[in-house]
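Scroll down for the structure; my scribbles are underneath it.
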Amino acid sequence: MNDTPEDVLARLFAVLRERRNADPTQSYVASLYGKGLDAILKKVGEEAAEVLIAAKGGEAGQVVHETADLWFHSLVMLAFLDLSPDQVMAELERRFGRPGLEEKAHRHER
């Protein structure tokens, strides 16, 4: 398969949305949805901490593995909240080309 990263993201997100209706005893994602937002956010936080530890350790493969876990659980969170990766991408696109310090200074305006 020659999927683009966008294709992989879209396919994964479609599966995550489908799992909202799955049996929690048969699906890890459905079990997270069943536990609610706090459990999902806890998992995102745990994965973020693991990314930091992996990055500090400096092993590229481990950093990639943990970042994939973080992205995955962030997508679960987005699906739970009825948001989409497209919305995140649109926000990144909006920021593109704008100096970082300028963007940061204007964040309090939202």
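So you can find residues: chains in the structure tokens are A, B, ... in the order shown, residues in each start at 1, and ligands are numbered from 1 in order.
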With range 17-30 of chain A as the partner and 12 Å as the cut-off, tabulate the residues of range 43-103 of chain A that qualify, each row holding the nearest pair of atoms and their distance in Å to one decimal, using only C-alpha atoms, sorted by chain and rising number, as a tab-separated table.
residue	atom	partner	partner_atom	distance
A:Lys43	CA	A:Val29	CA	11.4
A:Phe72	CA	A:Val29	CA	10.0
A:His73	CA	A:Val29	CA	9.0
A:Ser74	CA	A:Val29	CA	11.8
A:Leu75	CA	A:Arg17	CA	9.5
A:Val76	CA	A:Val29	CA	7.3
A:Met77	CA	A:Val29	CA	10.2
A:Leu78	CA	A:Arg17	CA	9.5
A:Ala79	CA	A:Arg17	CA	5.9
A:Phe80	CA	A:Arg20	CA	7.9
A:Leu81	CA	A:Arg17	CA	10.6
A:Asp82	CA	A:Arg17	CA	8.8
A:Leu83	CA	A:Arg17	CA	10.3
A:Ser84	CA	A:Arg17	CA	9.8
A:Pro85	CA	A:Arg17	CA	11.8
> What does the distance from CA of Glu91 in chain A to CA of Leu16 in chain A come to in Å, to one decimal?
Replying inline: 21.3 Å
>> Write out as a PyMOL selection string the set of residues from range 3-102 of chain A that DSSP, computed on the backbone, places in alpha helix (DSSP H).
In response: chain A and resi 5-18+28-35+37-57+60-80+85-95+100-102
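Between Leu41 in chain A and the candidates A:Leu92, A:Ala60, A:Leu70, A:Val8, the tightest atom-to-atom separation, counting only C-alpha atoms, involves A:Leu70.
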> Between CA of Val44 in chain A and CA of Ser31 in chain A, what is the distance, to one decimal in Å?
Replying inline: 14.8 Å
> Can you list, as a VMD selection string, every protein, DNA or RNA residue that comes within 9 Å of Ala48 in chain A when you count only C-alpha atoms, leaving out same-chain residues fewer than 3 positions away?
Replying inline: chain A and resid 43 to 45 51 to 53 66 to 67 69 to 70
